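See below for the structure under consideration.
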Amino acid sequence: MRFADDFRFSEATTLHLGGRPVGAVHCATTPALAAAVTRADALDLPLLVVGGGSNLVVADGDLPLVAVIADCADVSIDSARGVLRAEAGAVWDDVVASSVDAGLGGVECLSGIPGSAGATPVQNVGAYGAEIADVLTRVLLLDRTTGNVDWVPASALDLGYRTSNLKHTDRGVILAIELRLRTDGLSAPLRFGELARRLGVNAADAGNTRGALRRPAAAVRDAVLELRRGKGMVHDPADHDTWSAGSFFTNPVITDTDVTSVRAAVARLHDDTVAEAMPCYPAGEGRSKLSAAWLIERAGFVRGYPGPEAPARLSTRHTLALTNRGAATTGDLVELAREVRAGVRQAFGVTLHPEPVWVGVDIDG
Ligand SMILES: Cc1cc2nc3c(=O)[nH]c(=O)nc-3n(C[C@H](O)[C@H](O)[C@H](O)COP(=O)(O)OP(=O)(O)OC[C@H]3O[C@@H](n4cnc5c(N)ncnc54)[C@H](O)[C@@H]3O)c2cc1C
């Protein structure tokens with residue numbers, strides 16, 4: 001354990017925003033991480049476990065909490081069995097790269113997602129038609145209500161679309177994850193049209209649930225990284241377009257009845273052709289998933305909104321990413337988030353929900 005008295009969230013988050021906790025402790029081993037959390041809990045100290053800081057919106061100023069930083073980063077791979085274990089603090093994209101190098105398939109679509117391995121189940125990270133739930137077998141969990149450390153199956157985490165029963169709770173800390181990967185070196189089924197086309201798969205066949213559409217994992221990883229870089233979705237400290245928390249809002253899931261009224265609102269604001277073209281995907285019994293980015297754009301928010309002078313802007317490459325151009329405060333970012341959410345609500349009657357975890361600040365004020 002190493003205590004740091006100069007820790008600032010603005011230096012530990014991909015938004016490069018946030019103030020100063022009362023204390024910070026770096027934990028280089030799994031037992032140290034468990035001990036730091038257990039000790040703080042015993043003392044009733046509010047704490048925040050921090051991985052890569054890529055899904056955090058943290059308030060400006062002084063924060064009444066201790067930051068517990070997961071630095072434990074061992075990764076072990078049994079290539080013959082396709083079993084990969086990573087400690088919580090391992091950099092997720094390094095884990096993906098190691099798995100591909102070891103000839104294993106299954107997580108290549110999740111290439112380029114910033115952050116730590118331990119945080120991947122927290123919001124069931126997903127991209128390009130894959131999610132961690134597809135390959136996660138179990139996690140080593142510190143249960144903060146009992147202090148027990150046990151391997152628990154992925155099925156106990158209620159993994160859903162960008163959520164789990166750990167997100168927005170103080171229930172537990174993931175100390176390590178275990179994945180079961182394919183040993184034939186092929187990717188997960190290519191379900192995402194844009195990625196499939198990039199890899200020469202017939203777009204009409206993408207989404208084929210028989211799972212025949214696989215490609216070598218290394219080729220899929222390269223294609224995913226290229227697509228993500230084009231959208232500013234690989235964090236790069238030298239590029240303000242990537243000083244974000246990734247997708248800022250989740251794609252809204254609404255009832256099929258509500259889809260009809262949203263379509264009508266789109267037709268009123270635009271025309272029938274635009275309304276018919278609104279992306280809409282089945283999301284379980286009587287429900288559909290819309291595209292948050294599409295709604296934001298159709299509500300009138302263009303890339304780079306509100307303009308080149310603003311300290312917090314929409315990314316110039318992706319309307320779903322809210323970015324800090326270098327001099328923003330969390331206050332600036334929150335103001336922009338509220339404006340975008342209000343604009344979409346006013347235009348189409350849909351309330352967008354933020355994807356990141358908010359600390360010491362709230363979109364509802
Ligand atoms: C450019 C960019 C692109 C992104 N693209 C995607 C994407 O395609 N898909 C996607 O799903 N996400 C994406 N994200 C969001 C983010 O990268 C993921 O949610 C990531 O898993 C967060 O990991 P982290 O270690 O940075 O978590 P942090 O931001 O450090 O923490 C996030 C939350 O998880 C908790 N937490 C962290 N570690 C643990 C642990 N070991 N145990 C329990 N709780 C923990 C924290 O307390 C906090 O509540 C993107 C972000 C950025 C900046």
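How things are named: the first chain in the structure tokens is A, the next is B, and so on; residues count from 1 in each chain; ligands count from 1 in the order shown.
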
**Q.** Polymer residues at most 6 Å from segment 102-113 of chain A, only C-alpha atoms, same-chain spacing of 2 or more positions, as a PyMOL selection string
**A.** chain A and resi 93+99-100+127-128+181-183+185-188+217+221+225+234

(Q) Let's see if you can do this: from backbone DSSP, list all alpha helix (DSSP H) residues in segment 97-260 of chain A, as a PyMOL selection string. (A) chain A and resi 97-101+193-198+217-230+256-260

Q | Spatial neighbours of Asp5 of chain A, 9 Å, only C-alpha atoms, chain gap at least 5 places, as a list in words | A | Val22, Gly23, Ala24 and Val25 of chain A

Q: Would you list the contacts of segment 342-344 of chain A as a VMD selection string, taking every protein, DNA or RNA residue within 12 Å and counting only C-alpha atoms, but skipping same-chain residues closer than 4 positions in sequence?
A: chain A and resid 249 252 262 265 to 266 269 291 to 301 335 to 338 348 to 353 363 to 364

Go ahead and dump the residues you just picked, N, CA, C and O atoms, as a JSON list (two decimals), in the first residue's frame.
```
[["chain", "number", "residue", "atom", "x", "y", "z"],
["A", 249, "PHE", "N", -24.17, 9.04, -22.60],
["A", 249, "PHE", "CA", -25.53, 8.58, -22.26],
["A", 249, "PHE", "C", -25.71, 7.16, -22.79],
["A", 249, "PHE", "O", -25.18, 6.80, -23.84],
["A", 252, "PRO", "N", -31.37, 4.79, -25.00],
["A", 252, "PRO", "CA", -32.61, 4.62, -24.24],
["A", 252, "PRO", "C", -33.38, 3.37, -24.65],
["A", 252, "PRO", "O", -33.53, 3.10, -25.83],
["A", 262, "VAL", "N", -42.33, 8.74, -30.18],
["A", 262, "VAL", "CA", -41.04, 9.35, -30.50],
["A", 262, "VAL", "C", -40.95, 9.54, -32.02],
["A", 262, "VAL", "O", -40.55, 10.60, -32.50],
["A", 265, "ALA", "N", -42.86, 12.49, -33.05],
["A", 265, "ALA", "CA", -42.16, 13.75, -32.71],
["A", 265, "ALA", "C", -41.04, 14.02, -33.71],
["A", 265, "ALA", "O", -40.80, 15.17, -34.11],
["A", 266, "VAL", "N", -40.33, 12.94, -34.12],
["A", 266, "VAL", "CA", -39.26, 13.12, -35.11],
["A", 266, "VAL", "C", -39.87, 13.62, -36.43],
["A", 266, "VAL", "O", -39.34, 14.54, -37.06],
["A", 269, "LEU", "N", -40.66, 17.31, -36.19],
["A", 269, "LEU", "CA", -39.48, 18.19, -36.19],
["A", 269, "LEU", "C", -38.74, 18.11, -37.53],
["A", 269, "LEU", "O", -38.16, 19.10, -37.98],
["A", 291, "SER", "N", -31.11, 4.91, -30.51],
["A", 291, "SER", "CA", -29.72, 5.37, -30.49],
["A", 291, "SER", "C", -29.65, 6.76, -29.86],
["A", 291, "SER", "O", -30.22, 7.72, -30.40],
["A", 292, "ALA", "N", -28.93, 6.86, -28.73],
["A", 292, "ALA", "CA", -28.81, 8.17, -28.06],
["A", 292, "ALA", "C", -28.12, 9.17, -28.99],
["A", 292, "ALA", "O", -28.53, 10.34, -29.07],
["A", 293, "ALA", "N", -27.08, 8.72, -29.69],
["A", 293, "ALA", "CA", -26.33, 9.64, -30.57],
["A", 293, "ALA", "C", -27.24, 10.19, -31.67],
["A", 293, "ALA", "O", -27.22, 11.39, -31.99],
["A", 294, "TRP", "N", -28.07, 9.33, -32.24],
["A", 294, "TRP", "CA", -28.98, 9.75, -33.32],
["A", 294, "TRP", "C", -29.96, 10.79, -32.79],
["A", 294, "TRP", "O", -30.22, 11.81, -33.44],
["A", 295, "LEU", "N", -30.52, 10.54, -31.61],
["A", 295, "LEU", "CA", -31.49, 11.49, -31.03],
["A", 295, "LEU", "C", -30.82, 12.83, -30.73],
["A", 295, "LEU", "O", -31.40, 13.89, -30.98],
["A", 296, "ILE", "N", -29.59, 12.77, -30.21],
["A", 296, "ILE", "CA", -28.87, 14.01, -29.88],
["A", 296, "ILE", "C", -28.66, 14.83, -31.16],
["A", 296, "ILE", "O", -28.92, 16.04, -31.20],
["A", 297, "GLU", "N", -28.23, 14.14, -32.22],
["A", 297, "GLU", "CA", -27.99, 14.86, -33.48],
["A", 297, "GLU", "C", -29.29, 15.42, -34.05],
["A", 297, "GLU", "O", -29.35, 16.57, -34.48],
["A", 298, "ARG", "N", -30.36, 14.61, -34.04],
["A", 298, "ARG", "CA", -31.63, 15.08, -34.62],
["A", 298, "ARG", "C", -32.26, 16.17, -33.75],
["A", 298, "ARG", "O", -33.09, 16.94, -34.22],
["A", 299, "ALA", "N", -31.85, 16.27, -32.49],
["A", 299, "ALA", "CA", -32.36, 17.37, -31.64],
["A", 299, "ALA", "C", -31.59, 18.66, -31.92],
["A", 299, "ALA", "O", -31.89, 19.70, -31.33],
["A", 300, "GLY", "N", -30.60, 18.59, -32.77],
["A", 300, "GLY", "CA", -29.90, 19.81, -33.20],
["A", 300, "GLY", "C", -28.50, 19.99, -32.64],
["A", 300, "GLY", "O", -27.88, 21.03, -32.85],
["A", 301, "PHE", "N", -27.99, 19.01, -31.91],
["A", 301, "PHE", "CA", -26.63, 19.13, -31.35],
["A", 301, "PHE", "C", -25.63, 18.53, -32.34],
["A", 301, "PHE", "O", -25.63, 17.32, -32.55],
["A", 335, "GLU", "N", -23.02, 21.23, -17.01],
["A", 335, "GLU", "CA", -23.92, 22.18, -17.67],
["A", 335, "GLU", "C", -24.23, 21.70, -19.10],
["A", 335, "GLU", "O", -25.38, 21.70, -19.55],
["A", 336, "LEU", "N", -23.20, 21.26, -19.81],
["A", 336, "LEU", "CA", -23.40, 20.76, -21.17],
["A", 336, "LEU", "C", -24.27, 19.49, -21.17],
["A", 336, "LEU", "O", -25.19, 19.35, -21.99],
["A", 337, "ALA", "N", -24.00, 18.61, -20.22],
["A", 337, "ALA", "CA", -24.79, 17.37, -20.13],
["A", 337, "ALA", "C", -26.27, 17.69, -19.91],
["A", 337, "ALA", "O", -27.16, 17.10, -20.53],
["A", 338, "ARG", "N", -26.52, 18.66, -19.02],
["A", 338, "ARG", "CA", -27.92, 19.03, -18.74],
["A", 338, "ARG", "C", -28.58, 19.63, -19.98],
["A", 338, "ARG", "O", -29.75, 19.37, -20.27],
["A", 348, "PHE", "N", -38.07, 15.22, -28.32],
["A", 348, "PHE", "CA", -38.66, 13.89, -28.57],
["A", 348, "PHE", "C", -39.33, 13.24, -27.36],
["A", 348, "PHE", "O", -39.83, 12.12, -27.47],
["A", 349, "GLY", "N", -39.29, 13.91, -26.20],
["A", 349, "GLY", "CA", -39.92, 13.33, -25.00],
["A", 349, "GLY", "C", -39.14, 12.15, -24.43],
["A", 349, "GLY", "O", -39.69, 11.35, -23.67],
["A", 350, "VAL", "N", -37.87, 12.01, -24.80],
["A", 350, "VAL", "CA", -37.05, 10.89, -24.28],
["A", 350, "VAL", "C", -36.04, 11.45, -23.28],
["A", 350, "VAL", "O", -35.35, 12.43, -23.58],
["A", 351, "THR", "N", -35.96, 10.83, -22.09],
["A", 351, "THR", "CA", -34.97, 11.25, -21.10],
["A", 351, "THR", "C", -33.74, 10.37, -21.19],
["A", 351, "THR", "O", -33.83, 9.15, -21.01],
["A", 352, "LEU", "N", -32.61, 10.98, -21.50],
["A", 352, "LEU", "CA", -31.36, 10.22, -21.58],
["A", 352, "LEU", "C", -30.78, 10.03, -20.18],
["A", 352, "LEU", "O", -30.90, 10.92, -19.33],
["A", 353, "HIS", "N", -30.15, 8.88, -19.98],
["A", 353, "HIS", "CA", -29.52, 8.60, -18.68],
["A", 353, "HIS", "C", -28.01, 8.50, -18.85],
["A", 353, "HIS", "O", -27.53, 7.81, -19.76],
["A", 363, "ILE", "N", -26.54, 14.96, -12.22],
["A", 363, "ILE", "CA", -27.10, 15.64, -13.40],
["A", 363, "ILE", "C", -28.42, 16.34, -13.05],
["A", 363, "ILE", "O", -28.80, 17.32, -13.68],
["A", 364, "ASP", "N", -29.11, 15.84, -12.03],
["A", 364, "ASP", "CA", -30.39, 16.45, -11.65],
["A", 364, "ASP", "C", -30.22, 17.66, -10.73],
["A", 364, "ASP", "O", -31.19, 18.25, -10.31]]
```

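Among the candidates A:Leu56, A:Cys280, A:Leu47, A:Ala130, the residue lying nearest to Gly18 of chain A is A:Leu56 (atoms considered: only C-alpha atoms).
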
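Closest approach to Pro356 of chain A among A:Val58, A:Ile254, A:Ala196, A:Leu45 is made by A:Val58 (distances from only C-alpha atoms).
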
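Distance check against ligand 1 using only C-alpha atoms and all ligand atoms: of A:Ala154, A:Val220, A:Val83, A:Met233, the minimum falls on A:Met233.
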
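Minimum distance to ligand 1 across A:Gln346, A:Thr323, A:Thr330, A:Thr255 (counting only C-alpha atoms and all ligand atoms) occurs at A:Thr323.
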
Q) Using only C-alpha atoms and all ligand atoms, which of the listed residues (A:Thr260, A:Ser244, A:Thr250, A:Ser164) sits closest to ligand 1? A) A:Ser244

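In terms of minimum interatomic distance to Asp222 of chain A, A:Val96 ranks closest within A:Asp78, A:Ala117, A:Val96, A:Ser155, counting only C-alpha atoms.
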
May I have the residues within 10 Å of segment 310-312 of chain A as a tab-separated table (two decimals) with C-alpha atoms, in the first residue's frame, using only C-alpha atoms and disregarding those fewer than 3 positions away in the same chain?
```tsv
chain	number	residue	atom	x	y	z
A	243	TRP	CA	-10.83	13.51	-22.98
A	244	SER	CA	-14.19	11.97	-22.25
A	304	GLY	CA	-18.22	20.11	-31.53
A	305	TYR	CA	-21.34	21.77	-29.99
A	306	PRO	CA	-21.54	24.51	-28.69
A	307	GLY	CA	-18.46	25.76	-30.54
A	315	SER	CA	-16.48	15.57	-29.46
A	322	LEU	CA	-18.80	14.99	-23.96
A	323	THR	CA	-15.23	16.25	-23.85
A	324	ASN	CA	-12.99	18.54	-21.81
A	325	ARG	CA	-10.94	20.69	-24.19
A	326	GLY	CA	-8.26	21.21	-21.55
A	327	ALA	CA	-9.55	24.04	-19.36
A	328	ALA	CA	-13.02	22.78	-18.44
A	329	THR	CA	-14.30	22.22	-14.91
A	330	THR	CA	-16.73	19.50	-13.96
A	331	GLY	CA	-19.27	22.32	-13.63
A	332	ASP	CA	-18.82	23.14	-17.35
A	333	LEU	CA	-19.25	19.51	-18.33
A	334	VAL	CA	-22.36	19.04	-16.19
A	335	GLU	CA	-23.92	22.18	-17.67
A	336	LEU	CA	-23.40	20.76	-21.17
A	337	ALA	CA	-24.79	17.37	-20.13
```

Q: Determine which residues of segment 248-290 of chain A DSSP labels as strand (DSSP E or B) from the backbone of this structure, then write them out as a PyMOL selection string.
A: chain A and resi 249+253-255+280-282+287-290

Q.
Need to verify the contact set: Ile174 of chain A, 12 Å, only C-alpha atoms, exclusion of same-chain residues closer than 2 positions in sequence. Can you return it as an MDAnalysis selection string?
A. chainID A and resid 30:31 33:34 37 49:51 70 72 86:90 116:122 138:144 148:154 157 166:167 170:172 176:178

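With atom CA of Gly193 of chain A on one side and atom CA of Val95 of chain A on the other, the separation reads 25.3 Å.
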
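Excluding Glu276 of chain A itself and same-chain residues fewer than 2 positions from it, the residues having an atom within 10 Å of it are Arg263, Ala264, Val266, Ala267, Asp271, Asp272, Thr273, Val274, Met278, Pro279 and Cys280 of chain A, counting only C-alpha atoms.
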
Residue selection dump (N, CA, C and O atoms) as a JSON list (two decimals), in the first residue's frame:
```json
[["chain", "number", "residue", "atom", "x", "y", "z"],
["A", 263, "ARG", "N", -41.37, 8.52, -32.76],
["A", 263, "ARG", "CA", -41.33, 8.62, -34.23],
["A", 263, "ARG", "C", -42.19, 9.80, -34.72],
["A", 263, "ARG", "O", -41.80, 10.55, -35.61],
["A", 264, "ALA", "N", -43.34, 9.96, -34.07],
["A", 264, "ALA", "CA", -44.22, 11.07, -34.47],
["A", 264, "ALA", "C", -43.55, 12.41, -34.19],
["A", 264, "ALA", "O", -43.63, 13.36, -34.99],
["A", 266, "VAL", "N", -40.33, 12.94, -34.12],
["A", 266, "VAL", "CA", -39.26, 13.12, -35.11],
["A", 266, "VAL", "C", -39.87, 13.62, -36.43],
["A", 266, "VAL", "O", -39.34, 14.54, -37.06],
["A", 267, "ALA", "N", -41.02, 13.05, -36.81],
["A", 267, "ALA", "CA", -41.67, 13.46, -38.06],
["A", 267, "ALA", "C", -42.08, 14.93, -37.99],
["A", 267, "ALA", "O", -41.94, 15.67, -38.97],
["A", 271, "ASP", "N", -39.16, 15.11, -40.90],
["A", 271, "ASP", "CA", -40.22, 14.67, -41.82],
["A", 271, "ASP", "C", -40.38, 13.16, -41.69],
["A", 271, "ASP", "O", -39.65, 12.50, -40.94],
["A", 272, "ASP", "N", -41.31, 12.59, -42.45],
["A", 272, "ASP", "CA", -41.62, 11.16, -42.33],
["A", 272, "ASP", "C", -40.42, 10.29, -42.69],
["A", 272, "ASP", "O", -40.22, 9.21, -42.12],
["A", 273, "THR", "N", -39.64, 10.75, -43.67],
["A", 273, "THR", "CA", -38.50, 9.93, -44.10],
["A", 273, "THR", "C", -37.49, 9.80, -42.97],
["A", 273, "THR", "O", -36.98, 8.71, -42.69],
["A", 274, "VAL", "N", -37.21, 10.91, -42.29],
["A", 274, "VAL", "CA", -36.27, 10.87, -41.16],
["A", 274, "VAL", "C", -36.86, 9.97, -40.06],
["A", 274, "VAL", "O", -36.17, 9.14, -39.47],
["A", 278, "MET", "N", -35.35, 6.25, -38.22],
["A", 278, "MET", "CA", -34.85, 6.27, -36.83],
["A", 278, "MET", "C", -34.37, 4.87, -36.41],
["A", 278, "MET", "O", -35.15, 3.91, -36.47],
["A", 279, "PRO", "N", -33.10, 4.74, -35.97],
["A", 279, "PRO", "CA", -32.63, 3.42, -35.54],
["A", 279, "PRO", "C", -33.43, 2.92, -34.34],
["A", 279, "PRO", "O", -33.67, 3.68, -33.39],
["A", 280, "CYS", "N", -33.83, 1.68, -34.39],
["A", 280, "CYS", "CA", -34.71, 1.12, -33.35],
["A", 280, "CYS", "C", -34.49, -0.40, -33.34],
["A", 280, "CYS", "O", -34.70, -1.05, -34.37]]
```
